[in-house]
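Shown next, in structure tokens, is the structure this report addresses.
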Amino acid sequence: MNAQAGQVRKRRVFHIPGYDPFHPRRYRELYRTEGAAQAKISGYEIGVKAGTSETSFRWTVGARIAGQPVMSQIDVLVWSDIVRDSMAQSIPATYLQLVQTAWTYISTGTLRRLMWMRKGPVIAALYPVVMLLSQLALAIGIGSWLGGFAESVGQGGLAWIGFPEGAVFTGRIWGLWALGWLVMIVVVVAILRWFKARDNKLFAYYLMHDYAYSAQLRGQTPPALAARMREFQTLIAAALKEDVDEVLVVGHSSGAHLAVSILADLLRSGRVPEGGPALAFLSLGQVVPMVSFLPRARELRRDLAVLSTSDKLTWVDVSAPGDGCCFALCDPVAVSGVAPDNKRWPLVISAAFTQSLTPARWKALRWRFFRLHFQYLCAFDRPKDYDYFQITAGPLTLAARYAGRKPSGSRIDIPVSKYTSQVP
């Protein structure tokens, strides 16, 4: 079949987003605009048409690349509703999450070991802690000052209207003291609400909920998400029975470790048919160690080991040192301490932002950390061998595209995690 020769005319793509509360429509529009930009730069044709599905968010892609027509159906596997539910936290609950999450990563020694690899994602993890504590400190500082000012004004007012000194003292203790505290509390609450209302610019609450969601069970998958992942597995298993040349699973950010477990379960259950479509896994900007390094992530560590030895799929892991929100060029299997002797995956390569983006483009994006974390899904104005649109809509399977490609020489592939136990 075409897939065996590395050729693709029909493809199914399943995109698993990271911790993202927004409607998946934005992924389609991102694909539409960035795909058109990349096609213009690289000299091929690509078009996007909205699709319908009761189980996912879908669009179809028609492309002509290197003179070959290809049809791809792309499904976003939606778990944004679970994300939104997990973010429905009050301000006090978010600060409690902060304490619990920080304690989990610090007390287990996980934070220290994560810092041995890449500082960027650790700084990103510490950012919401520092930002939220700074907001609280500022709110308390301003509230205390205004509360004290209210007390002083009230005390001066009592003295001015002729209250005797003893009465003024008693009033300050019982009335003005309460007034000062009331003013302080009102001001603190108002300031914290003001900051939260602007979190679409600051991302402090968003990131805090993200890290707290991964750490709440110390690495175990939350039940609601585990159930949704089983649904995703069923959809992918069904696609593997279709008349297509390749089934490609894309896991972006924290979606990468979801994809690892989904695919490992598919392999264990024997749902990857012999002679079926080529099965491929593309992990982008992964943050696997944030979960796999936690003490109860035994299932994920087992799944990493299972996937790393399989001859039934191709796994390519793409990241870039310029992306400060991922563990760039860190082999997720090796650093988690579960690499078997016969390990073959993933192929760890760099998207090399500083080389694949022109100096002007890199300068414009360099400090836009969250935008850079999505660059893997976008156009490159000086592309090298990583092109998201050729991978998802081009005429070659992932295996054929990277056949003979050597891994990045600067990758980190030594055991780092303190916890390496696996579910039997």
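Please note that chains go A, B, ... in the order of the structure tokens, that every chain numbers its residues from 1, and that ligands are numbered from 1 in the order shown.
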Original post:
Can you list, as a list in words, every protein, DNA or RNA residue that comes within 8 Å of Glu45 in chain A when you count only C-alpha atoms, leaving out same-chain residues fewer than 3 positions away?
Top reply: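 In the requested format, the answer is Ala36, Ala39, Lys40, Ala63, Arg64 and Ile65 of chain A.
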- as number ranges by chain, which residues of range 252-418 of chain A does DSSP assign to strand (DSSP E)? A: 252, 278-284, 314-319, 347-350
Open item on the list: Give me, as a list in words, all polymer residues having an atom no more than 10 Å from Val249 in chain A, counting only C-alpha atoms and skipping those fewer than 4 positions away in the same chain.
Closed with: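 Once the nearby chain positions are removed, what remains is Arg12, Val13, Phe14, His15, Ile16, Ile74, Asp75, Ile236, Ala256, Ala259, Val260, Ile262, Leu263, Leu279, Ala280, Phe281, Leu282, Ser283, Trp315 and Thr392 of chain A.
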For the residues selected in the previous step, produce a file with N, CA and C atoms as a PDB file, in the first residue's frame.
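Done, and the output landed in again-v7.pdb:
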ATOM      1  N   ARG A  12      -5.586  10.693   8.104  1.00  0.00           N
ATOM      2  CA  ARG A  12      -6.356  11.146   9.264  1.00  0.00           C
ATOM      3  C   ARG A  12      -5.386  11.739  10.277  1.00  0.00           C
ATOM      4  N   VAL A  13      -5.712  12.901  10.765  1.00  0.00           N
ATOM      5  CA  VAL A  13      -4.884  13.577  11.757  1.00  0.00           C
ATOM      6  C   VAL A  13      -5.731  13.837  12.997  1.00  0.00           C
ATOM      7  N   PHE A  14      -5.209  13.477  14.165  1.00  0.00           N
ATOM      8  CA  PHE A  14      -5.879  13.756  15.435  1.00  0.00           C
ATOM      9  C   PHE A  14      -4.978  14.684  16.245  1.00  0.00           C
ATOM     10  N   HIS A  15      -5.475  15.877  16.480  1.00  0.00           N
ATOM     11  CA  HIS A  15      -4.706  16.880  17.227  1.00  0.00           C
ATOM     12  C   HIS A  15      -5.206  16.913  18.670  1.00  0.00           C
ATOM     13  N   ILE A  16      -4.305  16.673  19.607  1.00  0.00           N
ATOM     14  CA  ILE A  16      -4.635  16.726  21.039  1.00  0.00           C
ATOM     15  C   ILE A  16      -3.999  17.984  21.616  1.00  0.00           C
ATOM     16  N   ILE A  74      -8.616  16.491   9.601  1.00  0.00           N
ATOM     17  CA  ILE A  74      -8.005  16.836  10.886  1.00  0.00           C
ATOM     18  C   ILE A  74      -9.096  16.976  11.943  1.00  0.00           C
ATOM     19  N   ASP A  75      -8.931  16.250  13.030  1.00  0.00           N
ATOM     20  CA  ASP A  75      -9.879  16.294  14.140  1.00  0.00           C
ATOM     21  C   ASP A  75      -9.161  16.782  15.391  1.00  0.00           C
ATOM     22  N   ILE A 236      -9.402   6.966  17.483  1.00  0.00           N
ATOM     23  CA  ILE A 236      -8.172   6.671  16.741  1.00  0.00           C
ATOM     24  C   ILE A 236      -8.174   5.225  16.266  1.00  0.00           C
ATOM     25  N   ALA A 256       0.842  16.207  24.700  1.00  0.00           N
ATOM     26  CA  ALA A 256       1.800  15.162  24.320  1.00  0.00           C
ATOM     27  C   ALA A 256       1.737  13.978  25.272  1.00  0.00           C
ATOM     28  N   ALA A 259      -1.323  11.939  24.647  1.00  0.00           N
ATOM     29  CA  ALA A 259      -1.162  11.104  23.456  1.00  0.00           C
ATOM     30  C   ALA A 259      -0.309   9.872  23.755  1.00  0.00           C
ATOM     31  N   VAL A 260       0.714  10.034  24.564  1.00  0.00           N
ATOM     32  CA  VAL A 260       1.561   8.887  24.930  1.00  0.00           C
ATOM     33  C   VAL A 260       0.718   7.779  25.544  1.00  0.00           C
ATOM     34  N   ILE A 262      -2.608   7.366  25.453  1.00  0.00           N
ATOM     35  CA  ILE A 262      -3.632   6.889  24.526  1.00  0.00           C
ATOM     36  C   ILE A 262      -3.042   5.874  23.557  1.00  0.00           C
ATOM     37  N   LEU A 263      -1.901   6.193  22.978  1.00  0.00           N
ATOM     38  CA  LEU A 263      -1.273   5.307  22.007  1.00  0.00           C
ATOM     39  C   LEU A 263      -0.739   4.039  22.663  1.00  0.00           C
ATOM     40  N   LEU A 279       0.960   4.293  11.400  1.00  0.00           N
ATOM     41  CA  LEU A 279       0.626   5.024  12.618  1.00  0.00           C
ATOM     42  C   LEU A 279       1.809   5.897  13.001  1.00  0.00           C
ATOM     43  N   ALA A 280       1.544   7.175  13.229  1.00  0.00           N
ATOM     44  CA  ALA A 280       2.617   8.122  13.539  1.00  0.00           C
ATOM     45  C   ALA A 280       2.207   9.017  14.695  1.00  0.00           C
ATOM     46  N   PHE A 281       3.194   9.427  15.443  1.00  0.00           N
ATOM     47  CA  PHE A 281       2.980  10.300  16.605  1.00  0.00           C
ATOM     48  C   PHE A 281       3.975  11.447  16.533  1.00  0.00           C
ATOM     49  N   LEU A 282       3.454  12.664  16.534  1.00  0.00           N
ATOM     50  CA  LEU A 282       4.268  13.874  16.520  1.00  0.00           C
ATOM     51  C   LEU A 282       4.014  14.636  17.812  1.00  0.00           C
ATOM     52  N   SER A 283       5.009  14.704  18.685  1.00  0.00           N
ATOM     53  CA  SER A 283       4.867  15.479  19.927  1.00  0.00           C
ATOM     54  C   SER A 283       5.582  16.812  19.737  1.00  0.00           C
ATOM     55  N   TRP A 315       7.585   7.764  16.135  1.00  0.00           N
ATOM     56  CA  TRP A 315       7.406   8.865  17.080  1.00  0.00           C
ATOM     57  C   TRP A 315       8.517   9.883  16.875  1.00  0.00           C
ATOM     58  N   THR A 392       1.318  17.308   8.114  1.00  0.00           N
ATOM     59  CA  THR A 392      -0.106  16.988   8.281  1.00  0.00           C
ATOM     60  C   THR A 392      -0.875  16.922   6.971  1.00  0.00           C
TER      61      THR A 392
END
Inset, instruction - Within range 188-274 of chain A, find each residue whose DSSP state, derived from the backbone, is alpha helix (DSSP H), and express the selection as a count of residues only. - result: 57
From the options A:His209, A:Arg198, A:Arg344, A:Arg9, which residue's atoms come nearest to Pro21 in chain A, counting only C-alpha atoms?
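The shortest atom-to-atom distance to Pro21 in chain A comes from A:His209.
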Can you pull out every residue within 10 Å of Tyr211 in chain A, counting only C-alpha atoms, but drop anything in the same chain fewer than 5 positions away, and send it as number ranges by chain? A: 19, 97-98, 101-102, 105, 125-126, 128, 206, 216, 290-291
From CA of Tyr376 in chain A to CA of Ala197 in chain A the spacing works out at 29.2 Å
Shell of 9 Å around Arg401 in chain A, only C-alpha atoms, local chain residues under 5 positions omitted, as a PDB file with all heavy atoms, in the first residue's frame:
ATOM      1  N   GLY A   6       5.784   4.875   1.917  1.00  0.00           N
ATOM      2  CA  GLY A   6       5.974   6.206   2.466  1.00  0.00           C
ATOM      3  C   GLY A   6       5.165   7.274   1.771  1.00  0.00           C
ATOM      4  O   GLY A   6       5.342   8.461   2.044  1.00  0.00           O
ATOM      5  N   ASP A 385      13.768  21.402   7.897  1.00  0.00           N
ATOM      6  CA  ASP A 385      13.058  20.147   7.609  1.00  0.00           C
ATOM      7  C   ASP A 385      11.797  19.967   8.450  1.00  0.00           C
ATOM      8  O   ASP A 385      11.095  18.980   8.293  1.00  0.00           O
ATOM      9  CB  ASP A 385      13.988  18.934   7.761  1.00  0.00           C
ATOM     10  CG  ASP A 385      14.429  18.704   9.198  1.00  0.00           C
ATOM     11  OD1 ASP A 385      14.234  19.616  10.035  1.00  0.00           O
ATOM     12  OD2 ASP A 385      14.978  17.630   9.481  1.00  0.00           O
ATOM     13  N   ILE A 391       3.839  17.983   7.089  1.00  0.00           N
ATOM     14  CA  ILE A 391       3.680  16.768   7.896  1.00  0.00           C
ATOM     15  C   ILE A 391       2.212  16.352   7.951  1.00  0.00           C
ATOM     16  O   ILE A 391       1.885  15.166   7.831  1.00  0.00           O
ATOM     17  CB  ILE A 391       4.233  17.001   9.316  1.00  0.00           C
ATOM     18  CG1 ILE A 391       5.765  17.127   9.270  1.00  0.00           C
ATOM     19  CG2 ILE A 391       3.824  15.862  10.254  1.00  0.00           C
ATOM     20  CD1 ILE A 391       6.376  17.547  10.583  1.00  0.00           C
ATOM     21  N   LEU A 396       4.127  12.587   2.160  1.00  0.00           N
ATOM     22  CA  LEU A 396       4.984  11.604   2.809  1.00  0.00           C
ATOM     23  C   LEU A 396       4.488  11.288   4.211  1.00  0.00           C
ATOM     24  O   LEU A 396       3.993  12.170   4.925  1.00  0.00           O
ATOM     25  CB  LEU A 396       6.428  12.120   2.901  1.00  0.00           C
ATOM     26  CG  LEU A 396       7.190  12.336   1.593  1.00  0.00           C
ATOM     27  CD1 LEU A 396       8.571  12.895   1.894  1.00  0.00           C
ATOM     28  CD2 LEU A 396       7.303  11.034   0.809  1.00  0.00           C
TER      29      LEU A 396
END
Skipping near chain neighbours, those fewer than 3 positions away, what residues fall within 9 Å of Tyr31 in chain A using only C-alpha atoms, listed as number ranges by chain?
A: 26-28, 34-36, 48, 377-378, 389
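Straight-line separation from CA of Met117 in chain A to CA of Ser319 in chain A: 14.0 Å.
Each of A:Glu246, A:Asp341, A:Asp20, A:Asp323 was checked against Gln286 in chain A using only C-alpha atoms; the smallest atom-to-atom distance is that of A:Asp323.
With only C-alpha atoms as the basis for measurement, A:Gln7 is the residue among A:Tyr213, A:Val423, A:Pro92, A:Gln7 that approaches Leu398 in chain A most closely.
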Closest of A:Ala297, A:Ile412, A:Val306, A:Ala227 to Ala334 in chain A, counting only C-alpha atoms, is A:Ile412
